[in-house]
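Containing mmCIF, C-alpha atoms and all ligand atoms: final.cif.
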```
data_query
#
loop_
_atom_site.label_atom_id
_atom_site.label_comp_id
_atom_site.auth_asym_id
_atom_site.auth_seq_id
_atom_site.Cartn_x
_atom_site.Cartn_y
_atom_site.Cartn_z
CA MET S 1 -2.34 32.28 11.70
CA SER S 2 -1.03 30.64 8.60
CA ILE S 3 2.08 28.79 7.55
CA VAL S 4 3.04 29.24 3.92
CA LEU S 5 5.83 27.26 2.35
CA PHE S 6 7.83 28.04 -0.76
CA GLY S 7 9.59 24.82 -1.57
CA GLY S 8 10.50 22.27 -4.15
CA GLU S 9 13.23 19.88 -5.12
CA LYS S 10 14.65 21.86 -7.95
CA GLY S 11 17.25 24.57 -7.37
CA GLY S 12 17.01 28.15 -8.52
CA THR S 13 13.28 28.24 -9.29
CA GLY S 14 12.44 31.33 -7.22
CA LYS S 15 11.57 29.91 -3.79
CA THR S 16 13.61 32.52 -1.91
CA THR S 17 12.46 35.33 -4.21
CA LEU S 18 8.78 34.59 -3.68
CA ALA S 19 9.17 33.84 0.06
CA THR S 20 11.03 37.09 0.81
CA ASN S 21 8.57 39.18 -1.24
CA ILE S 22 5.55 37.66 0.48
CA ALA S 23 7.14 38.07 3.93
CA ALA S 24 7.88 41.76 3.29
CA MET S 25 4.36 42.34 1.95
CA LEU S 26 2.80 40.75 5.02
CA ALA S 27 4.98 42.91 7.28
CA GLN S 28 3.85 45.97 5.32
CA LYS S 29 0.27 45.01 6.03
CA GLY S 30 1.09 45.13 9.74
CA ARG S 31 1.22 41.36 10.19
CA ASP S 32 3.72 39.98 12.66
CA VAL S 33 5.51 37.70 10.22
CA LEU S 34 8.41 35.29 10.59
CA LEU S 35 10.54 34.38 7.59
CA LEU S 36 11.88 30.92 8.33
CA ASP S 37 14.98 29.99 6.37
CA THR S 38 15.44 26.21 6.32
CA ASP S 39 18.01 26.23 3.53
CA ARG S 40 21.63 25.93 4.60
CA GLN S 41 22.60 28.26 1.73
CA GLY S 42 21.00 30.98 3.86
CA SER S 43 19.76 33.19 1.00
CA ALA S 44 16.59 34.30 2.80
CA SER S 45 18.63 35.15 5.90
CA ALA S 46 21.10 37.10 3.77
CA TRP S 47 18.17 39.10 2.32
CA ALA S 48 16.86 39.80 5.85
CA THR S 49 20.34 40.89 6.98
CA VAL S 50 20.63 43.40 4.13
CA ARG S 51 17.16 44.66 4.98
CA GLU S 52 18.11 45.07 8.61
CA GLU S 53 21.45 46.74 7.87
CA ASP S 54 19.85 49.16 5.41
CA GLY S 55 17.21 50.01 8.00
CA ILE S 56 14.28 49.14 5.75
CA GLU S 57 10.96 49.30 7.57
CA PRO S 58 8.97 47.35 8.48
CA ARG S 59 11.42 44.85 9.88
CA VAL S 60 11.03 41.22 8.88
CA ALA S 61 11.99 38.76 11.59
CA CYS S 62 14.04 35.90 10.18
CA LEU S 63 15.28 32.68 11.77
CA GLN S 64 17.29 29.78 10.41
CA LYS S 65 16.23 26.28 11.43
CA PHE S 66 17.50 22.98 10.13
CA GLY S 67 17.15 19.30 10.76
CA LYS S 68 14.94 16.96 12.65
CA GLY S 69 13.37 19.29 15.18
CA LEU S 70 11.98 21.59 12.50
CA ALA S 71 8.31 20.53 12.65
CA GLY S 72 8.14 20.92 16.44
CA GLN S 73 9.94 24.24 16.31
CA VAL S 74 7.54 25.58 13.71
CA ARG S 75 4.57 24.52 15.84
CA ASP S 76 6.09 26.36 18.83
CA LEU S 77 6.80 29.46 16.76
CA ALA S 78 3.30 29.41 15.28
CA GLY S 79 1.86 30.70 18.54
CA ARG S 80 4.15 33.72 18.51
CA TYR S 81 3.57 35.08 15.01
CA ASP S 82 0.61 35.97 12.82
CA ASP S 83 2.18 34.22 9.84
CA ILE S 84 5.19 32.08 9.09
CA VAL S 85 6.72 32.05 5.61
CA ILE S 86 9.08 29.12 5.08
CA ASP S 87 11.80 28.96 2.44
CA ALA S 88 12.79 25.31 1.93
CA GLY S 89 15.87 24.41 -0.07
CA GLY S 90 16.12 23.09 -3.57
CA ARG S 91 16.53 19.43 -2.79
CA ASP S 92 14.43 16.65 -1.39
CA SER S 93 15.76 17.69 1.97
CA MET S 94 14.66 16.69 5.41
CA GLU S 95 13.64 20.33 5.87
CA LEU S 96 11.35 20.25 2.84
CA ARG S 97 9.61 17.14 4.16
CA TYR S 98 9.15 18.54 7.66
CA ALA S 99 7.97 21.86 6.28
CA LEU S 100 5.34 20.07 4.16
CA GLY S 101 4.20 18.41 7.35
CA VAL S 102 3.34 21.69 9.08
CA ALA S 103 2.41 24.09 6.25
CA ASP S 104 -1.15 25.12 5.43
CA ARG S 105 -0.24 25.98 1.87
CA ALA S 106 2.79 25.09 -0.19
CA PHE S 107 3.81 26.87 -3.39
CA ILE S 108 6.24 25.14 -5.68
CA PRO S 109 7.77 27.52 -8.19
CA VAL S 110 8.49 26.05 -11.62
CA GLN S 111 10.33 27.85 -14.40
CA PRO S 112 8.92 27.14 -17.85
CA PHE S 113 12.39 27.10 -19.42
CA GLN S 114 13.67 24.45 -17.06
CA PHE S 115 10.39 22.61 -16.90
CA ASP S 116 11.07 19.23 -15.44
CA ILE S 117 8.19 16.85 -15.28
CA TRP S 118 10.11 14.35 -13.19
CA THR S 119 10.60 16.76 -10.28
CA ILE S 120 6.94 17.80 -10.42
CA ARG S 121 5.90 14.14 -10.21
CA GLN S 122 8.26 13.72 -7.27
CA MET S 123 6.68 16.73 -5.57
CA ASP S 124 3.22 15.28 -6.19
CA SER S 125 4.31 12.14 -4.29
CA LEU S 126 5.95 14.12 -1.49
CA VAL S 127 2.77 16.17 -1.06
CA GLU S 128 0.67 13.00 -1.03
CA MET S 129 2.89 11.61 1.71
CA ALA S 130 2.75 14.85 3.71
CA GLN S 131 -1.05 14.97 3.42
CA GLY S 132 -1.09 11.62 5.21
CA TYR S 133 -0.19 13.41 8.44
CA ASN S 134 -1.08 17.00 7.48
CA ALA S 135 -4.54 16.60 5.98
CA ASP S 136 -5.06 20.35 5.58
CA LEU S 137 -2.04 20.87 3.34
CA GLU S 138 -2.86 22.43 -0.03
CA ALA S 139 -0.10 22.50 -2.62
CA PHE S 140 0.22 24.54 -5.78
CA VAL S 141 2.61 24.75 -8.67
CA ILE S 142 3.32 28.37 -9.53
CA LEU S 143 4.95 29.33 -12.80
CA ASN S 144 7.79 31.78 -12.22
CA ARG S 145 10.15 33.61 -14.55
CA ILE S 146 7.86 33.32 -17.55
CA SER S 147 9.34 35.27 -20.43
CA PRO S 148 7.66 38.66 -20.82
CA ASN S 149 8.26 38.31 -24.55
CA PRO S 150 4.94 37.10 -26.02
CA ALA S 151 6.78 35.43 -28.90
CA ILE S 152 8.25 32.95 -26.43
CA ARG S 153 5.43 30.57 -25.70
CA GLU S 154 7.07 28.48 -22.99
CA GLY S 155 4.69 29.77 -20.32
CA GLN S 156 1.60 28.70 -22.25
CA GLU S 157 3.20 25.39 -23.18
CA ALA S 158 3.95 24.68 -19.53
CA LEU S 159 0.36 25.58 -18.58
CA ASP S 160 -1.10 23.32 -21.29
CA PHE S 161 1.11 20.49 -20.14
CA LEU S 162 0.18 20.89 -16.47
CA ALA S 163 -3.51 21.01 -17.37
CA GLN S 164 -3.15 17.77 -19.33
CA GLU S 165 -1.13 15.94 -16.71
CA GLN S 166 -3.59 16.61 -13.85
CA PHE S 167 -1.47 15.93 -10.82
CA GLU S 168 -3.50 14.42 -8.03
CA HIS S 169 -2.11 16.39 -5.14
CA LEU S 170 -0.92 19.58 -6.81
CA ALA S 171 -3.11 22.34 -8.18
CA LEU S 172 -1.97 25.06 -10.51
CA ALA S 173 -1.82 28.50 -8.89
CA GLU S 174 -3.86 31.14 -10.69
CA SER S 175 -1.08 33.64 -10.13
CA MET S 176 1.93 33.61 -12.41
CA VAL S 177 5.14 35.57 -12.21
CA HIS S 178 7.17 36.76 -15.17
CA ASP S 179 10.90 37.23 -15.41
CA ARG S 180 11.43 40.83 -14.34
CA ILE S 181 14.66 42.56 -13.43
CA ALA S 182 12.86 44.27 -10.52
CA PHE S 183 12.92 40.96 -8.62
CA ARG S 184 16.71 40.85 -8.76
CA LYS S 185 17.16 44.52 -7.96
CA ALA S 186 14.73 44.46 -5.04
CA ALA S 187 16.38 41.31 -3.64
CA ARG S 188 19.81 42.91 -3.68
CA GLY S 189 18.43 45.76 -1.55
CA GLY S 190 16.63 43.51 0.95
CA MET S 191 13.29 44.65 -0.43
CA SER S 192 10.12 43.36 -2.03
CA VAL S 193 9.23 44.54 -5.54
CA ILE S 194 6.48 46.62 -3.90
CA GLU S 195 9.09 48.56 -1.93
CA TRP S 196 11.37 48.75 -4.95
CA GLY S 197 8.42 50.29 -6.73
CA ASP S 198 9.82 50.65 -10.23
CA ASP S 199 7.89 47.89 -11.92
CA LEU S 200 4.12 48.06 -11.73
CA LYS S 201 3.65 44.67 -13.39
CA ALA S 202 5.85 42.94 -10.81
CA VAL S 203 3.84 44.70 -8.09
CA GLN S 204 0.57 43.50 -9.63
CA GLU S 205 1.80 39.92 -9.89
CA MET S 206 2.93 39.77 -6.28
CA THR S 207 -0.25 41.46 -5.06
CA ALA S 208 -2.27 38.83 -6.92
CA LEU S 209 -0.18 36.04 -5.41
CA LEU S 210 -0.60 37.41 -1.89
CA GLY S 211 -4.36 37.61 -2.50
CA GLU S 212 -4.41 34.01 -3.69
CA ILE S 213 -2.41 32.74 -0.70
CA PHE S 214 -4.71 34.40 1.82
CA ARG S 215 -7.98 33.95 0.00
N1 LIG W 1 10.43 36.39 -11.37
C1 LIG W 1 11.74 36.59 -11.43
N2 LIG W 1 12.26 37.51 -12.27
C2 LIG W 1 13.59 37.72 -12.37
N3 LIG W 1 14.50 37.04 -11.68
C3 LIG W 1 14.06 36.09 -10.81
C4 LIG W 1 12.67 35.82 -10.64
N4 LIG W 1 12.54 34.84 -9.72
C5 LIG W 1 13.79 34.51 -9.34
N5 LIG W 1 14.70 35.25 -9.99
C6 LIG W 1 16.18 35.17 -9.89
O1 LIG W 1 16.55 33.81 -10.13
C7 LIG W 1 17.61 33.42 -9.26
C8 LIG W 1 17.14 32.22 -8.43
O2 LIG W 1 16.06 32.64 -7.61
P1 LIG W 1 15.94 32.19 -6.09
O3 LIG W 1 17.23 32.37 -5.39
O4 LIG W 1 14.74 32.85 -5.55
O5 LIG W 1 15.66 30.65 -6.33
P2 LIG W 1 15.62 29.48 -5.25
O6 LIG W 1 14.61 28.51 -5.72
O7 LIG W 1 15.47 30.03 -3.89
O8 LIG W 1 17.09 28.88 -5.42
P3 LIG W 1 17.83 27.79 -4.47
O9 LIG W 1 17.30 26.46 -4.90
O10 LIG W 1 19.27 27.96 -4.79
O11 LIG W 1 17.46 28.12 -3.06
C9 LIG W 1 17.93 34.65 -8.42
O12 LIG W 1 19.00 35.32 -9.05
C10 LIG W 1 16.67 35.48 -8.49
O13 LIG W 1 16.93 36.86 -8.35
MG MG W 2 16.64 29.73 -2.22
#
```
Please go through the file and, once you have read it, give me the structure as C-alpha cells.
Ligand SMILES: Nc1ncnc2c1ncn2[C@@H]1O[C@H](COP(=O)(O)OP(=O)(O)OP(=O)(O)O)[C@@H](O)[C@H]1O
Ligand SMILES: [Mg+2]
Amino acid sequence: MSIVLFGGEKGGTGKTTLATNIAAMLAQKGRDVLLLDTDRQGSASAWATVREEDGIEPRVACLQKFGKGLAGQVRDLAGRYDDIVIDAGGRDSMELRYALGVADRAFIPVQPFQFDIWTIRQMDSLVEMAQGYNADLEAFVILNRISPNPAIREGQEALDFLAQEQFEHLALAESMVHDRIAFRKAARGGMSVIEWGDDLKAVQEMTALLGEIFR
C-alpha cells in the first residue's frame, strides 16, 4: 500500500498530468488504484470521466475529496486500495497540507521555464512541517516540461541551481519529463502516454518515474 502525492503551490506545472499517468499505469499493472482529486478544478476527475465514457480499460477509480476531513478519509480509503494517487491543487491549499500529512512520497513538478525559487522554498517549509507529524514522508522535486530542444538549456540550468541550493527537505527526482505533445493528446482521451503509445520517449520517461516511485 502506498500513497503518492503530486502537489505543489504553483499552478499548471503538471501535477494532474503526472498523477493521471501514474494512476493509469498502476491500473495497467493490475493494482487496485484510487485517483484522489483534491483540486476543486476537478481536472483529474474530468480525465477519469472521459476514460470511463470512452470505455478505456482498465478502469481507474476516481474520487473527489476536499476540506478538513481529507486526512482521515485518506486513511480510511487506504485500507481499500493497493495504492492511492493524490492530485493536490496549485495553491497552498488546505488539501495540499492534509495530503502531505498522509502521503508516503510527494512529487512536486517544476517547469524549468517558470522556475520559481520562492515557491520551492515554500514547499521545502511545508514539507518540513508535514514531516513533523508524518515522519515517513519523502518529497521530491521533479522537472517537467523540459524543452526537448537541446539548444534550450533551461533544464540543465534548473538542475544546476537545485543542486547548488540543497533544500533540506526536498530531494531532486532522478526522473525528468520533457515537454511532449503526447501528454496533451493522451490526457484529452482519458489515457496515459503508455496507452496513447505514439511517443516512445514519453513512455520511457513515465516508466522510469513509476520505477522511481515504487523503488
Ligand atoms: N510533460 C508535458 N508535456 C506536454 N504538456 C504537458 C506536460 N505536462 C503538462 N502538460 C500540459 O500542461 C498543462 C498543465 O498541466 P496540468 O494540468 O497537469 O498541470 P497542473 O499542475 O495539474 O495544473 P493546475 O495547477 O491548474 O492543477 C496541461 O495542458 C498539460 O497537458
Ligand atoms: Mg491540476
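Coordinates place CA of Ser175 in chain S at a distance of 17.4 Å from atom O5 of ligand LIG 1 (chain W).
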List all protein, DNA and RNA residues that have an atom no more than 7 Å from any atom of ligand MG 2 (chain W), counting only C-alpha atoms and all ligand atoms, and report them as a compact mmCIF listing (two decimals) with C-alpha atoms, keeping the file's coordinate frame.
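Everything below was put into part21.txt:
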```
# COMPACT_ATOMS: atom_id res chain seq x y z
CA GLY S 12 17.01 28.15 -8.52
CA GLY S 14 12.44 31.33 -7.22
CA LYS S 15 11.57 29.91 -3.79
CA THR S 16 13.61 32.52 -1.91
CA ASP S 39 18.01 26.23 3.53
CA SER S 43 19.76 33.19 1.00
CA ALA S 44 16.59 34.30 2.80
CA ASP S 87 11.80 28.96 2.44
CA GLY S 89 15.87 24.41 -0.07
CA GLY S 90 16.12 23.09 -3.57
```
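Closest approach to ligand LIG 1 (chain W) among S:Glu174, S:Glu212, S:Asp199, S:Asp136 is made by S:Asp199 (distances from only C-alpha atoms and all ligand atoms).
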Shell of 10 Å around ligand LIG 1 (chain W) (all atoms listed in the file), written as a compact mmCIF listing (two decimals) with C-alpha atoms, in the frame of the given file:
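Once everything was written out, this is part_25.txt:
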```txt
# COMPACT_ATOMS: atom_id res chain seq x y z
CA PHE S 6 7.83 28.04 -0.76
CA GLY S 7 9.59 24.82 -1.57
CA GLY S 8 10.50 22.27 -4.15
CA GLU S 9 13.23 19.88 -5.12
CA LYS S 10 14.65 21.86 -7.95
CA GLY S 11 17.25 24.57 -7.37
CA GLY S 12 17.01 28.15 -8.52
CA THR S 13 13.28 28.24 -9.29
CA GLY S 14 12.44 31.33 -7.22
CA LYS S 15 11.57 29.91 -3.79
CA THR S 16 13.61 32.52 -1.91
CA THR S 17 12.46 35.33 -4.21
CA LEU S 18 8.78 34.59 -3.68
CA ALA S 19 9.17 33.84 0.06
CA THR S 20 11.03 37.09 0.81
CA ASN S 21 8.57 39.18 -1.24
CA ASP S 37 14.98 29.99 6.37
CA THR S 38 15.44 26.21 6.32
CA ASP S 39 18.01 26.23 3.53
CA ARG S 40 21.63 25.93 4.60
CA GLN S 41 22.60 28.26 1.73
CA GLY S 42 21.00 30.98 3.86
CA SER S 43 19.76 33.19 1.00
CA ALA S 44 16.59 34.30 2.80
CA ASP S 87 11.80 28.96 2.44
CA ALA S 88 12.79 25.31 1.93
CA GLY S 89 15.87 24.41 -0.07
CA GLY S 90 16.12 23.09 -3.57
CA ARG S 91 16.53 19.43 -2.79
CA ILE S 108 6.24 25.14 -5.68
CA PRO S 109 7.77 27.52 -8.19
CA VAL S 110 8.49 26.05 -11.62
CA GLN S 111 10.33 27.85 -14.40
CA LEU S 143 4.95 29.33 -12.80
CA ASN S 144 7.79 31.78 -12.22
CA ARG S 145 10.15 33.61 -14.55
CA ILE S 146 7.86 33.32 -17.55
CA SER S 147 9.34 35.27 -20.43
CA PRO S 148 7.66 38.66 -20.82
CA MET S 176 1.93 33.61 -12.41
CA VAL S 177 5.14 35.57 -12.21
CA HIS S 178 7.17 36.76 -15.17
CA ASP S 179 10.90 37.23 -15.41
CA ARG S 180 11.43 40.83 -14.34
CA ILE S 181 14.66 42.56 -13.43
CA ALA S 182 12.86 44.27 -10.52
CA PHE S 183 12.92 40.96 -8.62
CA ARG S 184 16.71 40.85 -8.76
CA LYS S 185 17.16 44.52 -7.96
CA ALA S 186 14.73 44.46 -5.04
CA ALA S 187 16.38 41.31 -3.64
CA ARG S 188 19.81 42.91 -3.68
CA ALA S 202 5.85 42.94 -10.81
CA GLU S 205 1.80 39.92 -9.89
CA MET S 206 2.93 39.77 -6.28
```
CA of Asp76 in chain S to CA of Val50 in chain S: how many Å, to one decimal?
26.8 Å
Determine the nearest neighbour of Ala27 in chain S from the options S:Gln64, S:Gln73, S:Ser192, S:Ser45, counting all atoms listed in the file.
S:Ser192
For a test of reading the model, state the distance in Å between CA of Leu172 in chain S and CA of Ala24 in chain S, rounded to one decimal.
23.8 Å
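Restricting the calculation to all atoms listed in the file, the smallest distance between Trp47 in chain S and any of S:Gly101, S:Gly132, S:Gly190, S:Gly197 is found for S:Gly190.
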Please determine the residues with any atom at most 6 Å from (0.7, 26.3, -6.6) (coordinates as given in the file, with all atoms listed in the file counting) and report them as number ranges by chain.
S: 107-108, 139-142, 171-173
Return the padded bounding box of range 131-146 of chain S as AutoDock Vina command-line options: axis-aligned, built from all atoms listed in the file, 3 Å added on each side, with centre and edge lengths in Å to one decimal.
```
--center_x 2.5 --center_y 22.6 --center_z -4.6 --size_x 21.2 --size_y 28.0 --size_z 32.0
```
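Candidate residues S:Glu157, S:Asn149, S:Ser93, S:Tyr81 were compared for distance to Ile3 in chain S, and the nearest is S:Tyr81, using all atoms listed in the file.
Residues surrounding Leu34 in chain S within 10 Å are Ile3, Ala23, Ala24, Leu26, Ala27, Val60, Ala61, Cys62, Leu63, Leu77, Ala78, Arg80, Tyr81, Asp82, Asp83, Ile84, Val85 and Ile86 of chain S [only C-alpha atoms; sequence separation below 6 positions excluded].
Among the candidates S:Gly55, S:Asp104, S:Lys201, S:Met191, the one nearest to Ile22 in chain S when counting only C-alpha atoms is S:Met191.
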